[in-house]
Structures are given as structure tokens and as C-alpha cells.
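With TSV, C-alpha atoms inside, this is final.tsv:
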```tsv
chain	number	residue	atom	x	y	z
A	1	MET	CA	91.58	-8.24	-172.85
A	2	LYS	CA	89.87	-4.91	-172.19
A	3	ILE	CA	86.47	-6.50	-172.75
A	4	ASN	CA	87.28	-9.25	-170.24
A	5	LYS	CA	88.34	-6.70	-167.63
A	6	LEU	CA	85.15	-4.71	-168.22
A	7	THR	CA	83.08	-7.86	-167.81
A	8	ILE	CA	84.81	-8.60	-164.51
A	9	VAL	CA	84.13	-5.06	-163.26
A	10	ILE	CA	80.44	-5.30	-164.20
A	11	THR	CA	80.17	-8.68	-162.50
A	12	LEU	CA	81.79	-7.39	-159.31
A	13	ILE	CA	79.42	-4.41	-159.19
A	14	PHE	CA	76.43	-6.69	-159.78
A	15	VAL	CA	77.53	-9.08	-157.00
A	16	LEU	CA	78.18	-6.14	-154.66
A	17	LEU	CA	74.69	-4.77	-155.22
A	18	LEU	CA	73.16	-8.16	-154.52
A	19	PHE	CA	75.24	-8.40	-151.33
A	20	ILE	CA	74.11	-4.97	-150.15
A	21	ASP	CA	70.48	-5.72	-150.93
A	22	PRO	CA	69.67	-9.44	-150.45
A	23	VAL	CA	67.45	-11.15	-153.01
A	24	TYR	CA	64.00	-12.28	-151.91
A	25	ALA	CA	61.25	-14.08	-153.77
A	26	GLY	CA	58.30	-12.30	-155.29
A	27	PRO	CA	56.00	-12.61	-158.28
A	28	GLY	CA	58.86	-11.29	-160.35
A	29	GLY	CA	61.50	-13.25	-158.47
A	30	THR	CA	62.53	-10.46	-156.09
A	31	VAL	CA	61.08	-7.84	-153.82
A	32	ALA	CA	61.73	-4.42	-155.38
A	33	LYS	CA	65.24	-3.39	-154.36
A	34	ALA	CA	65.42	-0.38	-152.05
A	35	LEU	CA	69.03	0.62	-152.68
A	36	PHE	CA	68.36	2.72	-155.78
A	37	LYS	CA	65.39	4.47	-154.18
A	38	THR	CA	67.54	6.48	-151.75
A	39	TRP	CA	69.28	9.77	-152.68
A	40	TRP	CA	72.71	8.12	-152.66
A	41	GLY	CA	71.31	5.18	-154.55
A	42	LYS	CA	69.95	7.44	-157.28
A	43	LEU	CA	73.33	9.20	-157.50
A	44	LEU	CA	75.07	5.85	-157.82
A	45	MET	CA	72.60	4.78	-160.48
A	46	SER	CA	73.24	8.00	-162.44
A	47	LEU	CA	76.99	7.38	-162.37
A	48	LEU	CA	76.52	3.78	-163.46
A	49	VAL	CA	74.30	4.87	-166.35
A	50	ILE	CA	76.98	7.30	-167.59
A	51	ILE	CA	79.78	4.74	-167.26
A	52	PHE	CA	77.89	1.86	-168.83
A	53	LEU	CA	75.81	3.77	-171.38
A	54	PRO	CA	77.59	2.11	-174.35
A	55	ILE	CA	76.84	-1.31	-172.88
A	56	VAL	CA	73.21	-0.36	-172.29
A	57	PHE	CA	72.96	0.80	-175.90
A	58	TYR	CA	74.45	-2.51	-177.09
A	59	VAL	CA	71.98	-4.51	-175.00
A	60	ARG	CA	69.01	-2.52	-176.32
A	61	ILE	CA	70.09	-3.07	-179.93
A	62	ILE	CA	70.43	-6.84	-179.39
A	63	GLU	CA	67.02	-6.98	-177.70
A	64	PHE	CA	65.41	-4.87	-180.45
A	65	ILE	CA	66.66	-7.28	-183.10
A	66	ALA	CA	65.51	-10.30	-181.07
A	67	VAL	CA	62.01	-8.88	-180.54
A	68	ARG	CA	61.65	-7.95	-184.22
A	69	LYS	CA	62.75	-11.43	-185.29
A	70	ALA	CA	60.47	-13.17	-182.77
A	71	LYS	CA	57.41	-11.19	-183.89
A	72	LYS	CA	58.07	-12.08	-187.52
A	73	GLN	CA	58.26	-15.75	-186.65
A	74	LEU	CA	55.15	-15.54	-184.48
A	75	ALA	CA	53.29	-14.07	-187.46
A	76	LYS	CA	54.12	-17.26	-189.38
A	77	LEU	CA	53.04	-19.44	-186.47
A	78	GLY	CA	49.82	-17.47	-186.09
A	79	ILE	CA	48.67	-18.60	-189.53
A	80	LYS	CA	48.53	-22.19	-188.26
A	81	ASN	CA	47.45	-21.48	-184.68
A	82	LYS	CA	45.73	-18.21	-183.77
A	83	ASP	CA	46.95	-18.51	-180.15
A	84	PHE	CA	50.41	-17.58	-181.49
A	85	MET	CA	49.23	-14.39	-183.20
A	86	TRP	CA	50.86	-11.46	-181.46
A	87	LEU	CA	47.72	-9.64	-180.34
A	88	ASN	CA	46.33	-12.84	-178.83
A	89	ILE	CA	49.60	-13.69	-177.08
A	90	GLU	CA	49.96	-10.17	-175.71
A	91	LYS	CA	46.41	-10.28	-174.33
A	92	ASN	CA	46.89	-13.68	-172.71
A	93	VAL	CA	50.29	-12.85	-171.21
A	94	SER	CA	48.93	-9.57	-169.83
A	95	ASN	CA	46.02	-11.45	-168.25
A	96	VAL	CA	48.29	-14.02	-166.59
A	97	PHE	CA	50.67	-11.29	-165.40
A	98	SER	CA	47.84	-9.32	-163.76
A	99	ARG	CA	46.23	-12.37	-162.15
A	100	VAL	CA	49.49	-13.67	-160.71
A	101	HIS	CA	50.25	-10.34	-159.06
A	102	LEU	CA	46.74	-10.21	-157.63
A	103	ALA	CA	47.06	-13.73	-156.23
A	104	TRP	CA	50.50	-12.98	-154.81
A	105	GLY	CA	49.11	-9.97	-152.97
A	106	LYS	CA	46.45	-12.26	-151.43
A	107	GLU	CA	49.10	-14.84	-150.49
A	108	ASN	CA	47.14	-17.50	-152.33
A	109	MET	CA	48.56	-18.97	-155.53
A	110	GLN	CA	45.66	-21.41	-155.64
A	111	GLU	CA	43.62	-18.60	-157.23
A	112	VAL	CA	45.77	-18.74	-160.36
A	113	SER	CA	46.32	-22.51	-160.53
A	114	GLU	CA	44.80	-22.54	-164.02
A	115	TYR	CA	47.22	-19.85	-165.22
A	116	VAL	CA	50.53	-21.28	-163.94
A	117	ASN	CA	52.09	-24.72	-164.23
A	118	HIS	CA	52.23	-27.02	-161.24
A	119	TRP	CA	55.96	-26.54	-160.61
A	120	TYR	CA	55.68	-22.77	-160.38
A	121	TRP	CA	52.63	-22.95	-158.14
A	122	GLN	CA	54.37	-25.29	-155.69
A	123	ASN	CA	57.59	-23.30	-155.72
A	124	GLN	CA	55.98	-19.98	-154.90
A	125	GLN	CA	53.30	-21.17	-152.47
A	126	LEU	CA	55.30	-23.68	-150.46
A	127	VAL	CA	58.81	-22.26	-150.64
A	128	HIS	CA	58.00	-18.59	-150.16
A	129	LEU	CA	54.44	-17.60	-149.26
A	130	ASP	CA	53.84	-20.31	-146.67
A	131	ARG	CA	57.27	-19.69	-145.13
A	132	TRP	CA	56.60	-15.96	-144.88
A	133	LYS	CA	53.31	-16.66	-143.11
A	134	LYS	CA	55.16	-18.70	-140.49
A	135	GLU	CA	57.66	-15.86	-140.06
A	136	ASN	CA	54.78	-13.38	-139.68
A	137	LEU	CA	55.77	-11.55	-142.87
A	138	LEU	CA	53.55	-10.23	-145.62
A	139	ASN	CA	54.60	-9.47	-149.18
A	140	VAL	CA	52.68	-6.39	-150.27
A	141	CYS	CA	52.42	-6.67	-154.04
A	142	LYS	CA	50.34	-4.34	-156.20
A	143	LEU	CA	50.30	-3.90	-159.96
A	144	GLN	CA	49.39	-0.48	-161.33
A	145	SER	CA	50.03	-0.88	-165.06
A	146	ILE	CA	51.94	-2.85	-167.69
A	147	SER	CA	54.26	-0.76	-169.88
A	148	SER	CA	55.47	-3.33	-172.38
A	149	ILE	CA	55.54	-7.02	-173.27
A	150	LYS	CA	58.36	-8.12	-175.59
A	151	PRO	CA	59.10	-11.64	-176.90
A	152	LEU	CA	62.84	-12.28	-176.56
A	153	TYR	CA	63.22	-15.97	-177.32
A	154	LEU	CA	61.10	-18.76	-178.82
A	155	GLU	CA	61.21	-22.53	-178.36
A	156	ILE	CA	58.50	-23.86	-180.66
A	157	SER	CA	57.80	-27.58	-180.56
A	158	ASP	CA	57.03	-29.79	-183.55
A	159	ASN	CA	54.04	-31.28	-181.73
A	160	ASP	CA	50.51	-30.90	-183.03
A	161	ASN	CA	49.25	-27.35	-182.53
A	162	PHE	CA	52.74	-26.48	-181.17
A	163	GLU	CA	51.88	-28.06	-177.81
A	164	GLY	CA	54.64	-27.58	-175.21
A	165	SER	CA	56.17	-24.51	-176.88
A	166	LYS	CA	57.81	-21.90	-174.65
A	167	ILE	CA	58.39	-18.17	-175.09
A	168	ALA	CA	60.49	-15.83	-172.93
A	169	PHE	CA	58.97	-12.36	-172.58
A	170	GLU	CA	60.51	-9.25	-171.09
A	171	ILE	CA	57.69	-7.52	-169.20
A	172	THR	CA	57.96	-4.01	-167.76
A	173	ALA	CA	55.32	-2.85	-165.30
A	174	ASN	CA	54.69	-0.28	-162.60
A	175	ILE	CA	54.67	-2.29	-159.37
A	176	GLU	CA	54.75	-1.82	-155.60
A	177	ASP	CA	56.53	-4.73	-153.96
A	178	TYR	CA	57.88	-5.00	-150.39
A	179	LEU	CA	57.99	-7.25	-147.30
A	180	ILE	CA	56.40	-6.09	-144.06
A	181	ASN	CA	56.22	-7.49	-140.52
A	182	LYS	CA	52.54	-8.04	-139.73
A	183	SER	CA	52.91	-7.24	-136.02
A	184	THR	CA	55.16	-4.18	-136.10
A	185	ARG	CA	54.04	-3.01	-139.57
A	186	LYS	CA	57.68	-2.23	-140.25
A	187	ILE	CA	59.11	-2.80	-143.72
A	188	VAL	CA	61.62	-5.64	-143.72
A	189	GLN	CA	62.65	-5.37	-147.36
A	190	GLY	CA	61.82	-2.98	-150.19
A	191	LYS	CA	60.02	0.34	-150.01
A	192	ARG	CA	56.50	1.70	-150.36
A	193	GLY	CA	55.61	3.31	-153.66
A	194	PHE	CA	55.22	2.21	-157.26
A	195	ASN	CA	58.27	1.77	-159.48
A	196	ASP	CA	58.94	0.43	-162.96
A	197	GLU	CA	60.22	-3.14	-162.75
A	198	SER	CA	61.27	-5.46	-165.59
A	199	LYS	CA	61.34	-9.25	-165.44
A	200	VAL	CA	61.62	-12.12	-167.89
A	201	TRP	CA	58.48	-14.29	-167.80
A	202	ILE	CA	58.67	-17.71	-169.44
A	203	MET	CA	55.31	-18.93	-170.71
A	204	GLU	CA	54.46	-22.46	-171.85
A	205	TYR	CA	51.68	-23.40	-174.26
A	206	THR	CA	49.78	-26.28	-172.63
A	207	GLU	CA	46.44	-27.70	-173.78
A	208	GLY	CA	45.52	-24.54	-175.63
A	209	LYS	CA	46.51	-22.15	-172.82
A	210	TRP	CA	49.52	-19.97	-172.06
A	211	LEU	CA	50.75	-20.85	-168.55
A	212	LEU	CA	53.46	-19.21	-166.45
A	213	ASP	CA	56.42	-21.58	-166.31
A	214	ASP	CA	59.13	-19.49	-164.64
A	215	ILE	CA	60.28	-15.94	-163.87
A	216	ARG	CA	63.85	-14.65	-164.19
A	217	ASN	CA	65.42	-11.35	-163.22
A	218	ASP	CA	65.90	-8.78	-165.98
A	219	GLU	CA	69.64	-9.47	-165.94
A	220	PHE	CA	68.85	-12.57	-168.01
A	221	SER	CA	67.12	-10.63	-170.80
A	222	LEU	CA	70.32	-10.25	-172.86
A	223	SER	CA	71.08	-13.97	-172.57
A	224	PHE	CA	67.65	-14.85	-173.94
A	225	ALA	CA	67.87	-12.20	-176.68
A	226	LYS	CA	71.20	-13.58	-177.90
A	227	MET	CA	69.94	-17.16	-178.15
A	228	GLU	CA	68.90	-18.53	-181.54
A	229	ASN	CA	65.17	-19.24	-181.66
A	230	VAL	CA	64.17	-22.90	-181.95
A	231	VAL	CA	61.41	-22.99	-184.55
A	232	PRO	CA	59.92	-25.44	-187.10
A	233	ALA	CA	61.57	-25.55	-190.50
A	234	PHE	CA	58.75	-23.72	-192.28
A	235	ILE	CA	59.45	-20.51	-190.35
A	236	SER	CA	63.24	-20.72	-190.32
A	237	GLU	CA	65.08	-17.44	-190.75
A	238	ASN	CA	66.02	-17.95	-194.40
A	239	LYS	CA	62.33	-18.16	-195.29
A	240	LEU	CA	61.34	-14.97	-193.54
A	241	ALA	CA	60.60	-11.99	-195.75
```
What does the file become when written as C-alpha cells?
Amino acid sequence: MKINKLTIVITLIFVLLLFIDPVYAGPGGTVAKALFKTWWGKLLMSLLVIIFLPIVFYVRIIEFIAVRKAKKQLAKLGIKNKDFMWLNIEKNVSNVFSRVHLAWGKENMQEVSEYVNHWYWQNQQLVHLDRWKKENLLNVCKLQSISSIKPLYLEISDNDNFEGSKIAFEITANIEDYLINKSTRKIVQGKRGFNDESKVWIMEYTEGKWLLDDIRNDEFSLSFAKMENVVPAFISENKLA
């Protein structure tokens, strides 16, 4: 009963924060939220950290276990296909992450058409970037550095060479992300300055390449971490050392 009440409280706070600071699209799914960048916002964040520290600790433990498990299974997959070896995956995901942010800053997803699947390209270009152009808005998006890339969840296909497999990564990076009116130069959403942002990037293995399939907010990281990986029988958990 207490757990249910706590869940309700957390949900209400989350919904309230979204109501105060509307969600917009961006390369990570949202423009960096400005609420927690003010003095009162930082105070609120500090209080929330103290109150929910046990929950944060629980989430980190679950994610740590998921990442450790995923890397072990990727090591098995890497024996059959080098594109699934961790160092190769990390390099490819980092490359796609950097290129997508660069293209987003130029308002032209066509530049990364070979690094994202068709659905994602259409969704971001037509639904958001083109609409913002009509509204005379510009999404300023700059990537400074990538802090970490962690595999949270695997869906490995039984197809030849594991074609069509998907992996959900939690990626943390130092990013500047805000909306600005081109005429007035006033910020419509977000705030200038680089901040650490985390998002869940879902990558799909297609024709020997890792392509961006979707991006979710970091709130989904626990859901992915708690899911049981879908993997071929030869790398099932009971066969892992």
C-alpha cells in the first residue's frame, strides 16, 4: 500500500513538471528543460534528490545489473558478428549520436539519412523541423561531449547475421538545446548553456549498419533495464559464465 502511494506521488510530481515545462521535440525527444536551471528549480531538485534518494539508488542498481548482463551477452554475439562487439558498437553509436545532433542543428535530417531509419527521418524532419521553420523557430542544438553509452536492453533476432536486431542504449552527453525565435532572437523554450542530458536511443541493425530507430526520454530507462533480454538460445542466461 505504501509503495502504491509513493508511486502515485512520484507520478503526480512528474506530470506537474511536464505541465509547468511543456515537452517539445528535439534530437533527444525534448528541448532541454529550463525549470531546473533556475535558482528555485535547483532548490526543488535538491529536495527531490533527498526525498527520492532510495528510489534513485534502486534504479541505478537495476540499470547496473542490466548493463552488465547486456555486455556479457554482446560478448557472445561478437564472436559470431564483430559488429556486436562492445567496442565496435560503442564507436558506431557514438558516431550516429554525434551526426544526428549536427544534422539537427542544421535543420536538415537528410544529412544523416544513412544513419537513421526512414520512419525516424520522416518523423523528425516533417513533424518537427519543417513545422518550426514555418513558425519561424530555430532549434539550437550543439553537442559538446558524450559521457557514457550503456546498453540497457537487447532484442536479438534469429536472422542471419542477427539482421533486424535492436538495442536500447542510455546515452548521457553534454548538450545545449533550446528553441529561439529567428526574428526576435528571444528564447521560446529552454536555456542557453551546456548541460548533461540523458536519453534512451534505440538502434536497429540493418544491412550491416547500426541505424537510429527511436529516441525515448530517460524516464523510460528503468522500464528497459527491467525487461528480459530477447536473445538466441546459445547466449541464454544459463549459459553465461
Counting only C-alpha atoms, which residues of stretch 160-228 of chain A fall within 12 Å of stretch 104-108 of chain A, and what is the closest atom pair for each with its distance in Å at one decimal, ordered by chain and rising number, as a Markdown table?
```
| residue | atom | partner | partner_atom | distance |
| --- | --- | --- | --- | --- |
| A:Ile175 | CA | A:Gly105 | CA | 11.4 |
| A:Glu176 | CA | A:Gly105 | CA | 10.3 |
| A:Asp177 | CA | A:Gly105 | CA | 9.1 |
| A:Tyr178 | CA | A:Gly105 | CA | 10.4 |
| A:Leu179 | CA | A:Gly105 | CA | 10.9 |
```
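Using all atoms listed in the file, the smallest distance between any of A:Asp214, A:Glu197, A:Glu114, A:Asp158 and A:Pro232 comes from A:Asp158.
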I want to know what sits within 10 Å of A:Glu90, based on all atoms listed in the file, with residues of the same chain fewer than 6 positions away left out; could you give that as an mmCIF file with C-alpha atoms, in the frame of the given file?
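Wrote it out as around.cif, contents follow:
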```cif
data_model
loop_
_atom_site.group_PDB
_atom_site.id
_atom_site.type_symbol
_atom_site.label_atom_id
_atom_site.label_comp_id
_atom_site.auth_asym_id
_atom_site.auth_seq_id
_atom_site.Cartn_x
_atom_site.Cartn_y
_atom_site.Cartn_z
ATOM 1 C CA ASP A 83 46.950 -18.510 -180.150
ATOM 2 C CA PHE A 84 50.410 -17.580 -181.490
ATOM 3 C CA SER A 148 55.470 -3.330 -172.380
ATOM 4 C CA ILE A 149 55.540 -7.020 -173.270
ATOM 5 C CA LYS A 150 58.360 -8.120 -175.590
ATOM 6 C CA PRO A 151 59.100 -11.640 -176.900
ATOM 7 C CA PHE A 169 58.970 -12.360 -172.580
#
```
> Which polymer residues, protein or nucleic acid, are no farther than 12 Å from (52.0, -24.9, -151.5), counting only C-alpha atoms, as a PyMOL selection string?
Replying inline: chain A and resi 107-111+113+118-131+133
Taking all atoms of stretch 50-64 of chain A that appear in the file, build a box with edges along x, y and z, extend it by 5 Å on every side, and state its centre and edge lengths in Å to one decimal, as lines of an AutoDock Vina configuration file.
```
center_x = 72.6
center_y = 0.2
center_z = -173.9
size_x = 24.4
size_y = 24.3
size_z = 23.2
```
> atom CA of A:Ile167 and atom CA of A:Asn88, how far apart in Å?
Replying inline: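 Separation of atom CA of A:Asn88 and atom CA of A:Ile167: 13.7 Å.
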